[in-house]
Structures are given as C-alpha cells and as structure tokens.
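**Q** I am attaching a structure below and will ask some questions about it afterwards.
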Amino acid sequence: MKTLISGSRVVQLVKMISGYNRNPGSSDYREVLGRIEEHLVQEGVESKSIRRISFPADGKPVTKAMISTVGWQPNKASLWVTKPEMRFITSTRTVPISLLVGSCPSGGPQELELVEFVGSGDYRDKAVLAEGNMDEVFETACVQGGARCIVIYSMRNHCEQIGRTPEMLMSATNFLRLKHDRESSTLGVFGFSVDYGAFLFLRDLVRDGETKVCAEVDSLIDGNASSEVMEIDLTGGARSCYSMITSHLCHGSPGANDNASGAALAVEIAIVLSRESLPPPVRIVLVPEYMGSVPYAIELKRQQALPKVAINLDMVGEDQDQTGSSLFLSESPPVLNQRFDNVLFYNLMKRVPKFDSIPLRRLYKIPFSAGSDHCAFLLLGVPTPFIGHLPDRYYHTDLDTPDKCDPDEIEWIGEAVIQSLKDFDCESSELSRYLKSRQLGDFSYLCEKIKGGTFSNQLLNLLAKTHEIPATLLSVLCSEDYSESVYERISPVFESSIGFEWISSLPGEEWDDFGNKATLGEFVNIVAAVTRNRSAIEQLAAGYYSLEREQVSKFVSFLVRSGLLESGGVQNESDRSHR
C-alpha cells in the first residue's frame, strides 16, 4: 500500500511547533502561524489558498454560554522562597508552562507571605499554596479572599495503571490556566504551577512556620487582542459539499502530542492533497481550541458554508508504549449521520499496523465524548468524528515532548484520514457492505438500549435515518409500539458548544460521581437541537450512556433552570405508532 504521509516529516514539524508557547493572542502564536504558512508555501501549497481569520480575544461573550479569554503574552516569570531560606522554585526559563496562563504582571518582584489554602478565608495580599481544582481555588482564594498569588499543584485524569499519579510523576509540571476574562483580569492575580516535589517541599515549609516567597511576573494582558484561525482552502470554491479537518494549535510549550501532533498532521495532509490532480474538496483549519473553533463555526453557518463533515484531530501522535495511551474515535451523537464515523473507523482498522493480521496498536470506537473542537460543529448539524488518544501519562505536563511521538502512528492515522476523505464521496463495494452491517448493528443495539419506556416515532425515525435503515427493515427491527403524543419542547439557547463554565454551578454532592458532565451536557444540547423533544432527549441520553432516566431528567432540569436550555412548553406529536 502506497504511503502518502511521512511520519518523520510530521514529527519534525511537531518539534518546531512545540518550541513555541502557543497562547492565543500572543506573539508566539502569531509567529508559529507564520512559520507554518512559510512551510506550506515552500511545499507547494498556493499562498492564495491560505488565509487567517481573526476573532476577538477581548474577554467578552463568544456565545451565551462561553466567554472569551483576553489576549495574554507571557514574557518571563520566576518564583523563589525567601524565608526561612533562599530557594529557587521555578521559572519560565526552566519550565515555560510554570506560569499560570492568564497571570497578570506583578509590577516587579513581590515578596508575599505564603499560606496554605484551607477554603474560605481572608487571604488579602498573600500567596496561597493549593492542591486541587484551579477554578475553585481562584474563586475562593482570590475573588472572595483577596489573594494576590496562587502557587498550585493540580493533575487531572489520574490513572495509576499507566503511571499517571502525582507520586509517579514527581517532577512533572502541569499546564494550568487562571480564569482570565475581562472581569477576572482586573484582579491583578498571578500564579505558578509547580511539580509535586516542589509542592510537598513548600507545604512542609508552610506548616513548619512563616514562609515568604518572591514572585516576579512580566506579562501583558491585552483586552483588544485577537485569536487567529488559519484556513487552508482546497475546496475549489465549494461552499457546502466539502469536508473539513480541524485541529487546535494552541497550548503551552512543549505540548507535543497535545496538540502540536494534530496541527502538524493536518498541515502534512494539506500538503499531500495539494499535490494531487483531483483532491477531494477539503478545508484544513488550525484554531485556538474553542475560542477559535466556536466563532469560526458560527461564521460558517451565517455564510451558509458549513461542511458536510468535519474530522477533529486532537492528540494523534502518541507512542502508545511510552504514554500508556490508546487511540480512539469518538463518534458523533446518533441523531447525526453515522456514515462518516464508520467510514473513518473502517479505514483506521484497515490500516492499523499488524503482525500476521494481528493489530499492534490499541484502537477503539467510543460513544460521543466532549472536550475538543468537534463540539463547535456538532450543534450546527455537522457530523464530526474526533480522533485522539487518552489516557496519556504526560497529558498537560511539561513532559509532553516530541520524543513521545510515534511516526508510524502518525502515518497510520494520516493515511486513514486521506482515504476517508475520498471514500466519503465514492465508497468501494467492500466498504459499502461494512457500512450496512455496522450501521444496522449499531441501530439495533441502540434501540435495545432505549427500549423499556415510551419514546416518540420522531426519535425512532430519526435514528433510522441517521443509520440509513431501510423502511422494510424498520418494521422488523422495531415491532413494539413507540409513541408519544404529548411532550415538553426543549431547545438550545445559543449557537454552538455548551462549553464548561456551567459545570461548577451543579448543586450538591449527588453530581460528583455522575460521569463526564461536560460530555453529557454537550450530548443533551446536540440532541435538543435536532429533536426539541425532552422525553426523546432523556430516553436517548439514558440509554446511550447507560444512566438512570431519573438522574438524566434532573440534569436536564438543571440545564433549563440555568438558562442553558429553553423550555417551550407542552407540544403535541401525531401518534403514529410503528409496528
């Protein structure tokens, strides 16, 4: 099988990109975009097909559910202990991501008393030492308590099986962000992410007696900055019947697998396709995560220029042995066309590295999962499969370096994506048989999962359509009555992704173990956009994620009370039961 993608070339591009601290609105972000554009032109991509689109990074609402960050430029920063003894802790010179994203300038060296964060209290003009949720610490210690500086250790997604715990990665510094919308940035807060060894050292000092630190932060907060999206247009002028590849370019240095790998592979795919005489019509789009993809998707909708399908590349370079990671394809919610997900998975399976027909890499197709730029397009009705790796031993740490990338993995994924772009319009007979059997099986399984309560003909017929089930088979597969003449109308209130900011307002401890709340929120939002039927939303979400219907209903009620979904009152649906 002829290889089009060069994994080694992509890894070299990953090395270049990972050398930049790629914060949206920063000079580093703009510079790396310029380097990528130069690379594209040198490799034969026509300059007229490349353009940059700017969206405000002004700290104002992007949608009703999402507030933009302000522009932020880190220059240099350092943190020292000055009492009880002089001791260097960290700096951006040694660890670029040690400065919390969004940190305000300190106005020169600032000596502050360091105290342990213990919840609500008076922290005025102090530095707090904390472990745990960044947003909760910021709100409690800084917004309410008046703290000037945060020194924090916070690792997400612990996974002992792959060696991802604080004790197993003592020297890893985590990539963390302060809240830095327009209002939050006026507080003048700055802070540092420290490794677990430094955190334990500082905690012992604080508990033993008075401790002081000297923090110096040289940074720039710019409320008039912009976030830039790079679009490489290989559509030949098509405005709707084209495919899209998205990848977020942002994140601190190094951020090799997350997500220099996705951006680098997307660039390589653009170069390969630009050299073909009749490439499939495609746009390759590099974005700041969410802050670029959401306004970009909304603008495409306004122009009536949305793609028929988008493929989101987020963390696609993993060396599975080093990172302990697995490749997954997160499918589009079942209320959207399932063909594109299955074409992509078919090509990933067909090209997985093998020995004597036995796969040498881990690959799974998983239910819809949120957390990346595919969410910007799904609510707008665009099927958007998401390819990525998780869990990852070095995720969001300074140890996510290019040596953790695997050129063979990159080639495997890139070749599968290119073939899928071609197969979306012209499938082989073998692929056609695979799609029919796969979608029939998925539909039958989904119907079994949501069986046991009434759900509307509207939902049944919709799922049959998105899975391409012939009417002659539908009557055989669904022999029971599925009807619902009265339902509550529920619809989204904003234009794109529901985001994350609402999660902290979920009341009570009952939600602590309620799975991935961001994923369920996005799923409910997407299904609501298609069906507008509360009963169908709850029935499908409960069955799809194996949740209790009552708990899902409470979750939907919370979204309605919070203004994230809109209730339109009781509606009638024709009671056309299908046997």
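Residue names in the structure tokens use chain letters A, B, ... in the order shown, residue numbers from 1 in each chain, and ligand numbers from 1 in the order shown.
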Please give the complete set of residues from stretch 140-248 of chain A that DSSP, run on the backbone, assigns to helix (DSSP H, G or I), formatted as JSON, numbers by chain.
**A** {"A": [140, 141, 142, 143, 144, 160, 161, 162, 184, 185, 186, 187, 196, 197, 198, 199, 200, 201, 202, 203, 204, 205, 206, 207, 208]}
**Q** Name all residues at most 8 Å from stretch 23-40 of chain A (count only C-alpha atoms; drop same-chain ones fewer than 6 positions away) and give them as an mmCIF file with N, CA and C atoms, in the first residue's frame.
**A**
```
data_model
loop_
_atom_site.group_PDB
_atom_site.id
_atom_site.type_symbol
_atom_site.label_atom_id
_atom_site.label_comp_id
_atom_site.auth_asym_id
_atom_site.auth_seq_id
_atom_site.Cartn_x
_atom_site.Cartn_y
_atom_site.Cartn_z
ATOM 1 N N ILE A 17 6.771 23.295 16.191
ATOM 2 C CA ILE A 17 5.596 23.888 16.845
ATOM 3 C C ILE A 17 5.723 23.843 18.364
ATOM 4 N N ILE A 50 -4.390 30.085 1.398
ATOM 5 C CA ILE A 50 -4.147 30.190 2.836
ATOM 6 C C ILE A 50 -4.615 31.561 3.320
ATOM 7 N N ALA A 57 -10.287 38.465 21.053
ATOM 8 C CA ALA A 57 -9.878 37.869 22.322
ATOM 9 C C ALA A 57 -9.961 38.991 23.350
ATOM 10 N N VAL A 70 -9.102 36.987 27.432
ATOM 11 C CA VAL A 70 -8.415 38.162 26.877
ATOM 12 C C VAL A 70 -7.057 37.721 26.338
ATOM 13 N N GLY A 71 -6.476 38.544 25.480
ATOM 14 C CA GLY A 71 -5.150 38.233 24.971
ATOM 15 C C GLY A 71 -4.136 38.221 26.106
ATOM 16 N N TRP A 72 -3.195 37.296 26.032
ATOM 17 C CA TRP A 72 -2.204 37.158 27.106
ATOM 18 C C TRP A 72 -0.848 36.824 26.518
ATOM 19 N N GLN A 73 0.137 37.643 26.886
ATOM 20 C CA GLN A 73 1.504 37.446 26.410
ATOM 21 C C GLN A 73 2.432 37.241 27.602
ATOM 22 N N PRO A 74 2.941 36.005 27.812
ATOM 23 C CA PRO A 74 3.920 35.804 28.877
ATOM 24 C C PRO A 74 5.314 36.170 28.374
ATOM 25 N N VAL A 101 -1.403 30.348 32.879
ATOM 26 C CA VAL A 101 -1.937 31.108 31.754
ATOM 27 C C VAL A 101 -2.910 32.158 32.290
ATOM 28 N N ALA A 225 -6.959 42.178 21.957
ATOM 29 C CA ALA A 225 -6.234 41.223 21.115
ATOM 30 C C ALA A 225 -7.213 40.419 20.251
ATOM 31 N N SER A 226 -6.660 39.554 19.435
ATOM 32 C CA SER A 226 -7.483 38.709 18.579
ATOM 33 C C SER A 226 -6.945 37.280 18.589
ATOM 34 N N SER A 227 -7.842 36.338 18.361
ATOM 35 C CA SER A 227 -7.466 34.939 18.171
ATOM 36 C C SER A 227 -7.528 34.634 16.683
ATOM 37 N N GLU A 228 -6.467 34.055 16.165
ATOM 38 C CA GLU A 228 -6.394 33.830 14.726
ATOM 39 C C GLU A 228 -6.634 32.364 14.365
ATOM 40 N N MET A 230 -6.288 29.763 11.118
ATOM 41 C CA MET A 230 -5.681 29.601 9.793
ATOM 42 C C MET A 230 -6.503 28.603 8.995
ATOM 43 N N CYS A 250 -3.216 25.768 19.728
ATOM 44 C CA CYS A 250 -2.830 26.402 20.987
ATOM 45 C C CYS A 250 -2.349 25.370 22.019
ATOM 46 N N HIS A 251 -1.864 25.863 23.125
ATOM 47 C CA HIS A 251 -1.330 25.181 24.320
ATOM 48 C C HIS A 251 0.108 25.636 24.561
ATOM 49 N N GLY A 252 0.507 25.476 25.811
ATOM 50 C CA GLY A 252 1.844 25.897 26.191
ATOM 51 C C GLY A 252 2.908 24.965 25.650
ATOM 52 N N VAL A 267 -1.394 19.848 8.719
ATOM 53 C CA VAL A 267 -0.581 20.568 7.742
ATOM 54 C C VAL A 267 -0.017 19.604 6.708
ATOM 55 N N ILE A 271 -0.580 19.476 2.568
ATOM 56 C CA ILE A 271 0.497 19.428 1.572
ATOM 57 C C ILE A 271 0.296 18.252 0.618
ATOM 58 N N PRO A 288 -7.420 28.229 17.692
ATOM 59 C CA PRO A 288 -7.330 28.196 19.144
ATOM 60 C C PRO A 288 -8.527 27.370 19.661
#
```
**Q** Identify, with DSSP run on backbone atoms, the residues in stretch 61-136 of chain A assigned to strand (DSSP E or B), and express the list as an MDAnalysis selection string.
**A** chainID A and resid 61:63 66:67 70:83 87:91 99 101 110:116 127:131
**Q** Identify which of the residues A:Gly317, A:Gly499, A:Pro333, A:Gly388 lies closest to A:Leu463, counting only C-alpha atoms when measuring atom-to-atom distances.
**A**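 Among the listed residues, A:Pro333 lies closest to A:Leu463.
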**Q** Which residues are close to A:Glu231, i.e. within 9 Å by only C-alpha atoms, leaving aside same-chain residues fewer than 2 positions away? Reply as a PyMOL selection string.
**A** chain A and resi 49-53+229+233+283-287
**Q** Output C-alpha atoms for every residue in the selection just made, as an mmCIF file, in the first residue's frame.
**A**
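Output saved as again16.cif:
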```
data_model
loop_
_atom_site.group_PDB
_atom_site.id
_atom_site.type_symbol
_atom_site.label_atom_id
_atom_site.label_comp_id
_atom_site.auth_asym_id
_atom_site.auth_seq_id
_atom_site.Cartn_x
_atom_site.Cartn_y
_atom_site.Cartn_z
ATOM 1 C CA SER A 49 -5.488 29.241 -0.613
ATOM 2 C CA ILE A 50 -4.147 30.190 2.836
ATOM 3 C CA ARG A 51 -5.816 32.856 4.924
ATOM 4 C CA ARG A 52 -6.009 33.958 8.530
ATOM 5 C CA ILE A 53 -9.295 34.928 10.150
ATOM 6 C CA VAL A 229 -7.710 30.873 12.752
ATOM 7 C CA ASP A 233 -8.838 26.031 1.400
ATOM 8 C CA ARG A 283 -10.592 22.761 4.179
ATOM 9 C CA ILE A 284 -7.873 22.298 6.780
ATOM 10 C CA VAL A 285 -8.388 24.640 9.730
ATOM 11 C CA LEU A 286 -5.993 25.353 12.626
ATOM 12 C CA VAL A 287 -7.703 27.039 15.564
#
```
**Q** Show me, as a list in words, the residues that have an atom within 6 Å of A:Thr323 when counting only C-alpha atoms, minus same-chain residues fewer than 3 positions from it.
**A**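 Close residues of A:Thr323: Gln320, Asp392 and Arg393 of chain A.
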**Q** With N, CA and C atoms retained, could you export that selection as a PDB file, in the first residue's frame?
**A**
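What ended up in out-v7.pdb:
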```pdb
ATOM      1  N   GLN A 320       2.356   4.752  21.937  1.00  0.00           N
ATOM      2  CA  GLN A 320       1.473   4.116  22.917  1.00  0.00           C
ATOM      3  C   GLN A 320       2.243   3.443  24.045  1.00  0.00           C
ATOM      4  N   ASP A 392      -3.241   9.531  28.839  1.00  0.00           N
ATOM      5  CA  ASP A 392      -1.867   9.773  28.426  1.00  0.00           C
ATOM      6  C   ASP A 392      -1.064  10.105  29.681  1.00  0.00           C
ATOM      7  N   ARG A 393      -0.007   9.378  29.909  1.00  0.00           N
ATOM      8  CA  ARG A 393       0.804   9.554  31.118  1.00  0.00           C
ATOM      9  C   ARG A 393       1.280  11.001  31.268  1.00  0.00           C
TER      10      ARG A 393
END
```
**Q** Which one of A:Val417, A:Met349, A:Leu360, A:Val115 sits closest to A:Asn312 if you count only C-alpha atoms?
**A**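 Closest residue, counting only C-alpha atoms: A:Val417.
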**Q** Near stretch 561-566 of chain A, counting only C-alpha atoms, which residues have an atom at most 10 Å away, once you skip same-chain residues fewer than 3 positions from it, shown as an mmCIF file with C-alpha atoms, in the first residue's frame?
**A**
```cif
data_model
loop_
_atom_site.group_PDB
_atom_site.id
_atom_site.type_symbol
_atom_site.label_atom_id
_atom_site.label_comp_id
_atom_site.auth_asym_id
_atom_site.auth_seq_id
_atom_site.Cartn_x
_atom_site.Cartn_y
_atom_site.Cartn_z
ATOM 1 C CA LYS A 64 -24.463 32.921 25.612
ATOM 2 C CA ALA A 65 -22.611 30.013 27.248
ATOM 3 C CA ARG A 489 -40.341 21.152 23.870
ATOM 4 C CA ILE A 490 -36.691 21.786 24.779
ATOM 5 C CA SER A 491 -34.219 23.686 22.613
ATOM 6 C CA PRO A 492 -30.694 25.186 22.862
ATOM 7 C CA VAL A 493 -30.382 28.882 23.589
ATOM 8 C CA PHE A 494 -27.009 29.539 21.982
ATOM 9 C CA ILE A 498 -22.220 24.472 25.624
ATOM 10 C CA TRP A 502 -21.649 25.941 33.842
ATOM 11 C CA SER A 505 -22.675 25.541 39.427
ATOM 12 C CA LEU A 506 -24.116 21.994 39.559
ATOM 13 C CA GLY A 521 -24.139 18.489 28.642
ATOM 14 C CA VAL A 524 -28.132 16.803 25.581
ATOM 15 C CA ASN A 525 -27.549 20.121 23.830
ATOM 16 C CA ALA A 528 -32.102 19.080 21.769
ATOM 17 C CA ALA A 529 -31.050 20.991 18.652
ATOM 18 C CA ARG A 532 -36.640 19.616 20.505
ATOM 19 C CA PHE A 555 -29.749 17.009 34.826
ATOM 20 C CA VAL A 556 -31.926 18.395 32.028
ATOM 21 C CA SER A 557 -33.985 20.328 34.595
ATOM 22 C CA PHE A 558 -30.767 21.902 35.897
ATOM 23 C CA GLY A 569 -43.978 24.279 26.883
#
```
**Q** Quick one: pull the distance between atom CA of A:Glu411 and atom CA of A:Tyr434, Å, one decimal.
**A**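 According to the coordinates, atom CA of A:Glu411 and atom CA of A:Tyr434 are separated by 23.3 Å.
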**Q** If I take atom CA of A:Asn533 and atom CA of A:Asn516, how far is one from the other in Å, to one decimal?
**A**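 Here the two named atoms are 22.5 Å from each other.
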**Q** For A:Leu390, please output as a PyMOL selection string all residues within 8 Å (counting only C-alpha atoms; exclusion window: fewer than 6 positions along the same chain).
**A** chain A and resi 325-328
**Q** For a quick check of understanding, using only C-alpha atoms, which of A:Ser274, A:Ser369, A:Thr246, A:Thr211 has the smallest distance to A:Glu85?
**A**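 Among the listed residues, the smallest separation from A:Glu85 belongs to A:Thr211.
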**Q** Considering only C-alpha atoms, return as a list in words whatever protein or nucleic-acid residues lie within 8 Å of A:Ile413, sequence-local ones (same chain, fewer than 3 positions apart) excluded.
**A**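 Residues near the query, excluding close chain neighbours: Val316, Leu348, Glu409, Ile410, Ala416 and Val417 of chain A.
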**Q** Taking into account only C-alpha atoms, which residue in the set A:Asn347, A:Gln551, A:Gln12, A:Gln571 is nearest to A:Ala260?
**A** A:Gln12
